[in-house]
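Next comes work-v2.cif, a file with mmCIF, C-alpha atoms and all ligand atoms.
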data_run
loop_
_atom_site.group_PDB
_atom_site.id
_atom_site.type_symbol
_atom_site.label_atom_id
_atom_site.label_comp_id
_atom_site.auth_asym_id
_atom_site.auth_seq_id
_atom_site.Cartn_x
_atom_site.Cartn_y
_atom_site.Cartn_z
ATOM 1 C CA MET A 1 -94.474 -15.672 -175.351
ATOM 2 C CA VAL A 2 -90.979 -16.148 -174.022
ATOM 3 C CA HIS A 3 -89.447 -19.261 -172.582
ATOM 4 C CA CYS A 4 -86.466 -19.300 -170.322
ATOM 5 C CA PRO A 5 -83.613 -20.980 -172.208
ATOM 6 C CA GLU A 6 -82.346 -22.460 -168.972
ATOM 7 C CA CYS A 7 -85.324 -24.038 -167.242
ATOM 8 C CA GLU A 8 -87.935 -23.558 -169.990
ATOM 9 C CA THR A 9 -90.331 -21.801 -167.693
ATOM 10 C CA THR A 10 -92.874 -19.838 -169.653
ATOM 11 C CA LEU A 11 -92.361 -16.174 -169.032
ATOM 12 C CA ASP A 12 -95.680 -14.679 -169.980
ATOM 13 C CA ASP A 13 -96.239 -12.582 -166.927
ATOM 14 C CA ALA A 14 -94.275 -9.796 -165.329
ATOM 15 C CA ASP A 15 -94.246 -11.863 -162.158
ATOM 16 C CA ASP A 16 -92.189 -14.486 -163.951
ATOM 17 C CA ILE A 17 -89.454 -12.024 -164.657
ATOM 18 C CA GLU A 18 -87.280 -10.472 -162.059
ATOM 19 C CA PHE A 19 -85.959 -7.023 -162.819
ATOM 20 C CA VAL A 20 -82.751 -6.360 -160.998
ATOM 21 C CA GLU A 21 -81.227 -2.954 -160.799
ATOM 22 C CA THR A 22 -77.543 -3.413 -161.250
ATOM 23 C CA ASP A 23 -75.427 -1.398 -158.913
ATOM 24 C CA SER A 24 -73.401 1.326 -160.533
ATOM 25 C CA SER A 25 -70.358 0.120 -158.618
ATOM 26 C CA ILE A 26 -69.679 -2.203 -161.519
ATOM 27 C CA GLY A 27 -67.886 0.774 -162.928
ATOM 28 C CA PHE A 28 -68.845 1.258 -166.538
ATOM 29 C CA ILE A 29 -72.251 2.690 -165.872
ATOM 30 C CA LYS A 30 -72.737 6.375 -165.445
ATOM 31 C CA ALA A 31 -74.631 7.527 -162.402
ATOM 32 C CA SER A 32 -77.216 9.232 -164.569
ATOM 33 C CA LYS A 33 -78.444 5.933 -165.896
ATOM 34 C CA ARG A 34 -79.682 2.766 -164.299
ATOM 35 C CA PHE A 35 -78.908 -0.588 -165.744
ATOM 36 C CA TYR A 36 -81.380 -3.388 -165.392
ATOM 37 C CA THR A 37 -81.208 -7.078 -166.011
ATOM 38 C CA ALA A 38 -84.302 -9.197 -166.478
ATOM 39 C CA ASN A 39 -83.891 -12.551 -164.807
ATOM 40 C CA CYS A 40 -85.978 -15.681 -164.833
ATOM 41 C CA ALA A 41 -87.809 -15.787 -161.514
ATOM 42 C CA ALA A 42 -87.493 -19.567 -161.401
ATOM 43 C CA CYS A 43 -83.795 -20.146 -161.977
ATOM 44 C CA GLY A 44 -82.304 -16.686 -162.064
ATOM 45 C CA ARG A 45 -80.965 -16.853 -165.587
ATOM 46 C CA THR A 46 -80.534 -13.457 -167.179
ATOM 47 C CA ILE A 47 -83.002 -13.145 -170.030
ATOM 48 C CA GLY A 48 -82.327 -9.623 -171.096
ATOM 49 C CA SER A 49 -81.101 -6.275 -169.982
ATOM 50 C CA GLY A 50 -81.546 -2.630 -170.562
ATOM 51 C CA VAL A 51 -80.752 0.838 -169.463
ATOM 52 C CA ALA A 52 -83.305 3.192 -168.068
ATOM 53 C CA GLY A 53 -82.546 6.863 -168.293
ATOM 54 C CA ALA A 54 -82.996 9.329 -165.530
ATOM 55 C CA LYS A 55 -86.284 10.457 -167.017
ATOM 56 C CA GLY A 56 -87.940 7.330 -165.701
ATOM 57 C CA ASN A 57 -89.504 5.381 -168.542
ATOM 58 C CA GLY A 58 -90.412 2.464 -166.310
ATOM 59 C CA GLY A 59 -87.381 0.412 -167.191
ATOM 60 C CA ALA A 60 -89.479 -2.549 -168.169
ATOM 61 C CA GLY A 61 -89.278 -2.406 -171.928
ATOM 62 C CA ALA A 62 -86.069 -4.332 -172.339
ATOM 63 C CA VAL A 63 -87.285 -7.871 -172.819
HETATM 64 ZN ZN ZN B 1 -85.392 -20.129 -165.831
#

Any chance you could give the structure as structure tokens?
Ligand SMILES: [Zn+2]
Amino acid sequence: MVHCPECETTLDDADDIEFVETDSSIGFIKASKRFYTANCAACGRTIGSGVAGAKGNGGAGAV
């Protein structure tokens, strides 16, 4: 079980975590990959992040 370090919300459900696809316009990310951040749904704090390849592995295994 994961707790948000910011607001201490318990993040035990996918609904408690917000996966945000970061736009490639940031610059250091190649177009062939998609970068995700996992944010607390309550306060928006970034909990984790990951990169999902073009093969489509779901992108949800980063937390
Ligand atoms: Zn939070």

- Query: With all atoms listed in the file as the basis for distance, which of A:Cys40, A:Phe35, A:Asp12, A:Gly48 is at the shortest distance from ligand ZN 1 (chain B)?
  - Reply: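 When distances to ligand ZN 1 (chain B) are compared using all atoms listed in the file, the smallest one comes from A:Cys40.
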
- Query: Using only C-alpha atoms and all ligand atoms, which protein or nucleic acid residues are at most 10 Å from ligand ZN 1 (chain B), as a PyMOL selection string?
  - Reply: chain A and resi 3-11+16-17+39-47

For the selection you just gave me, I'd like the residues written to a file as a PDB file, in the frame of the given file, keeping C-alpha atoms.
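Done, and the output landed in again-v4.pdb:
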ATOM      1  CA  HIS A   3     -89.447 -19.261-172.582  1.00  0.00           C
ATOM      2  CA  CYS A   4     -86.466 -19.300-170.322  1.00  0.00           C
ATOM      3  CA  PRO A   5     -83.613 -20.980-172.208  1.00  0.00           C
ATOM      4  CA  GLU A   6     -82.346 -22.460-168.972  1.00  0.00           C
ATOM      5  CA  CYS A   7     -85.324 -24.038-167.242  1.00  0.00           C
ATOM      6  CA  GLU A   8     -87.935 -23.558-169.990  1.00  0.00           C
ATOM      7  CA  THR A   9     -90.331 -21.801-167.693  1.00  0.00           C
ATOM      8  CA  THR A  10     -92.874 -19.838-169.653  1.00  0.00           C
ATOM      9  CA  LEU A  11     -92.361 -16.174-169.032  1.00  0.00           C
ATOM     10  CA  ASP A  16     -92.189 -14.486-163.951  1.00  0.00           C
ATOM     11  CA  ILE A  17     -89.454 -12.024-164.657  1.00  0.00           C
ATOM     12  CA  ASN A  39     -83.891 -12.551-164.807  1.00  0.00           C
ATOM     13  CA  CYS A  40     -85.978 -15.681-164.833  1.00  0.00           C
ATOM     14  CA  ALA A  41     -87.809 -15.787-161.514  1.00  0.00           C
ATOM     15  CA  ALA A  42     -87.493 -19.567-161.401  1.00  0.00           C
ATOM     16  CA  CYS A  43     -83.795 -20.146-161.977  1.00  0.00           C
ATOM     17  CA  GLY A  44     -82.304 -16.686-162.064  1.00  0.00           C
ATOM     18  CA  ARG A  45     -80.965 -16.853-165.587  1.00  0.00           C
ATOM     19  CA  THR A  46     -80.534 -13.457-167.179  1.00  0.00           C
ATOM     20  CA  ILE A  47     -83.002 -13.145-170.030  1.00  0.00           C
TER      21      ILE A  47
END

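Using all atoms listed in the file, the shortest contact distance between Ala52 (chain A) and any of A:Val2, A:Asp13, A:Arg34, A:Thr22 is found at A:Arg34.
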
- Message: Suppose a student applies the PyMOL selection byres (((chain A and resi 50) around 7) and not hetatm) to this structure; what residues should they get, written as a ChimeraX atom specification?
- Response: /A:35-37,49,51-52,62
